[in-house]
Amino acid sequence: MRRPSWKVFALICLVAFTAPAGAVEIYLFDGGDSTQNVAIETLLEGAGHTVSLGVTYHAFDGSEDMSAYDVAILLCSANWNSGDMPESGQEALVNFVMAGGGLVSAEWVLWNWDRGYFQVLYQVLPGSSDGGYNYVTPITYTAVRPDSILNRGVNSPFVFSVTSYSGREENVWAKQRASTYYDSDNLTSGLVGWKVGAGWALHFSTPLGPSEMSNPDFSQLFVNAVEWLGGGSCPTCHLPLLLLDP
C-alpha cells in the first residue's frame, strides 16, 4: 500500500488546525438595545450556534446557572451608565472563565472599569483603558497577529461603520501577557485577548452594535471570536494559540 505523502499529512494537519469549532452555547447579556441584541442573535444562530438572551450586566448577580454555556458575551452598550455589576455577579463571571469558559467583552466595559466599575471582573479582562474614547466612524481594523481561527475569512485591513452609544470606540491596550490581534487606526488596539486560568477572554474596542454586525468582515471576525472562545469542543483548534502565546 502506498503511504500518504508528507504533503497529504500536512493538509490533514492544516484542516485539523483550521476547522471551526462545533456549536457553541452562548449567554448574551442584554445591552439595552433590542436591535443590537437581535443582530447578534441572528448572526450567531445563522452560524449554527445557540444564543440565550440573559439579563443586563447591572442585574447579573451570580444566581444565573452558567454551567450550560461555553461563552458569555458581555454587552455594556445603551445601558452603559446603569451602574456597576454586583460583585457577586463579577465573581461568578471570573469563576466561569477560570474554569474554562470564554468571555467576549466590548467598549464601555473597560471604560467603566477606568471609572471604578468591574474591579473584580478586571482580573480576567485582557485589556486596559485610560478612559479615552472617540466618535470616529468608519474605523479600520488591521490584523497584527497570525491566527488560523480569528482571521478565517476576514480581509485585512478592513473598514467598517460603528454604532454610537454615546461614543463609538474606547482606548484599549493589551495587558502584559495578553495579545493584540487587531489594531485600530485610532492608534490603540482593536481586539485583544489572552488565556486566563483554564479559559479565554477577548475584548473589542467598539460596542458590537448593529452597524458592526452588518459589515461582512467585522461580523465574520465576531463569529470567529466566539468560535475561538468556544473551541473546547474542538481541542486541536486552540493548539496554535497555545504555541504562540508568550
# chains A, B, ... in the order shown; residues from 1 in each chain; ligands from 1
>>> residues_around(residues="range 187-204 of chain A", least_positions_apart="6", cutoff="6 Å", atoms="only C-alpha atoms", output="list in words")
Val97, Met98, Ala99, Gly100, Gly101, Gly102, Leu103, Val104, Ser105, Ala106, Pro126, Asn171, Val172, Trp173, Ala174, Ala178, Ser179, Thr180 and Tyr181 of chain A
>>> write_last_selection(atoms="C-alpha atoms", output="mmCIF file, in the first residue's frame")
data_model
loop_
_atom_site.group_PDB
_atom_site.id
_atom_site.type_symbol
_atom_site.label_atom_id
_atom_site.label_comp_id
_atom_site.auth_asym_id
_atom_site.auth_seq_id
_atom_site.Cartn_x
_atom_site.Cartn_y
_atom_site.Cartn_z
ATOM 1 C CA VAL A 97 -13.717 31.989 32.817
ATOM 2 C CA MET A 98 -11.176 30.478 35.201
ATOM 3 C CA ALA A 99 -12.989 27.139 34.944
ATOM 4 C CA GLY A 100 -12.724 27.097 31.149
ATOM 5 C CA GLY A 101 -15.434 29.427 29.836
ATOM 6 C CA GLY A 102 -14.947 32.074 27.163
ATOM 7 C CA LEU A 103 -15.736 35.769 27.629
ATOM 8 C CA VAL A 104 -16.282 38.431 24.966
ATOM 9 C CA SER A 105 -16.456 41.995 26.261
ATOM 10 C CA ALA A 106 -16.723 45.274 24.408
ATOM 11 C CA PRO A 126 -7.348 41.075 28.624
ATOM 12 C CA ASN A 171 -8.940 53.488 24.076
ATOM 13 C CA VAL A 172 -7.773 49.912 24.672
ATOM 14 C CA TRP A 173 -4.360 48.344 25.136
ATOM 15 C CA ALA A 174 -3.445 44.717 25.769
ATOM 16 C CA ALA A 178 -2.203 39.438 26.601
ATOM 17 C CA SER A 179 -2.002 39.810 22.828
ATOM 18 C CA THR A 180 -3.254 42.365 20.346
ATOM 19 C CA TYR A 181 -4.873 40.526 17.431
#
>>> select_by_dssp(residues="range 85-193 of chain A", states="alpha helix (DSSP H)", output="PyMOL selection string")
chain A and resi 87-98+108-114
>>> closest_atom_pairs(of="range 125-173 of chain A", to="range 25-38 of chain A", cutoff="12 Å", atoms="only C-alpha atoms", output="tab-separated table")
residue	atom	partner	partner_atom	distance
A:Val162	CA	A:Gln36	CA	11.9
A:Thr163	CA	A:Gln36	CA	9.4
A:Ser164	CA	A:Gln36	CA	11.4
A:Tyr165	CA	A:Asp33	CA	9.6
>>> atom_distance(atom1="CA of Tyr182 in chain A", atom2="CA of Tyr141 in chain A")
5.9 Å
>>> closest_atom_pairs(of="range 140-220 of chain A", to="range 42-60 of chain A", cutoff="10 Å", atoms="only C-alpha atoms", output="JSON lines")
{"residue": "A:Met213", "atom": "CA", "partner": "A:Leu43", "partner_atom": "CA", "distance": 7.5}
{"residue": "A:Ser214", "atom": "CA", "partner": "A:Leu43", "partner_atom": "CA", "distance": 9.1}
{"residue": "A:Ser219", "atom": "CA", "partner": "A:Leu43", "partner_atom": "CA", "distance": 7.6}
{"residue": "A:Gln220", "atom": "CA", "partner": "A:Leu43", "partner_atom": "CA", "distance": 9.2}
>>> closest_residue(among="A:Pro210, A:Gly230, A:Pro216, A:Gly167", to="Tyr135 in chain A", atoms="only C-alpha atoms")
A:Gly167
>>> closest_residue(among="A:Phe222, A:Trp80, A:Tyr122, A:Tyr69", to="Asn151 in chain A", atoms="only C-alpha atoms")
A:Phe222
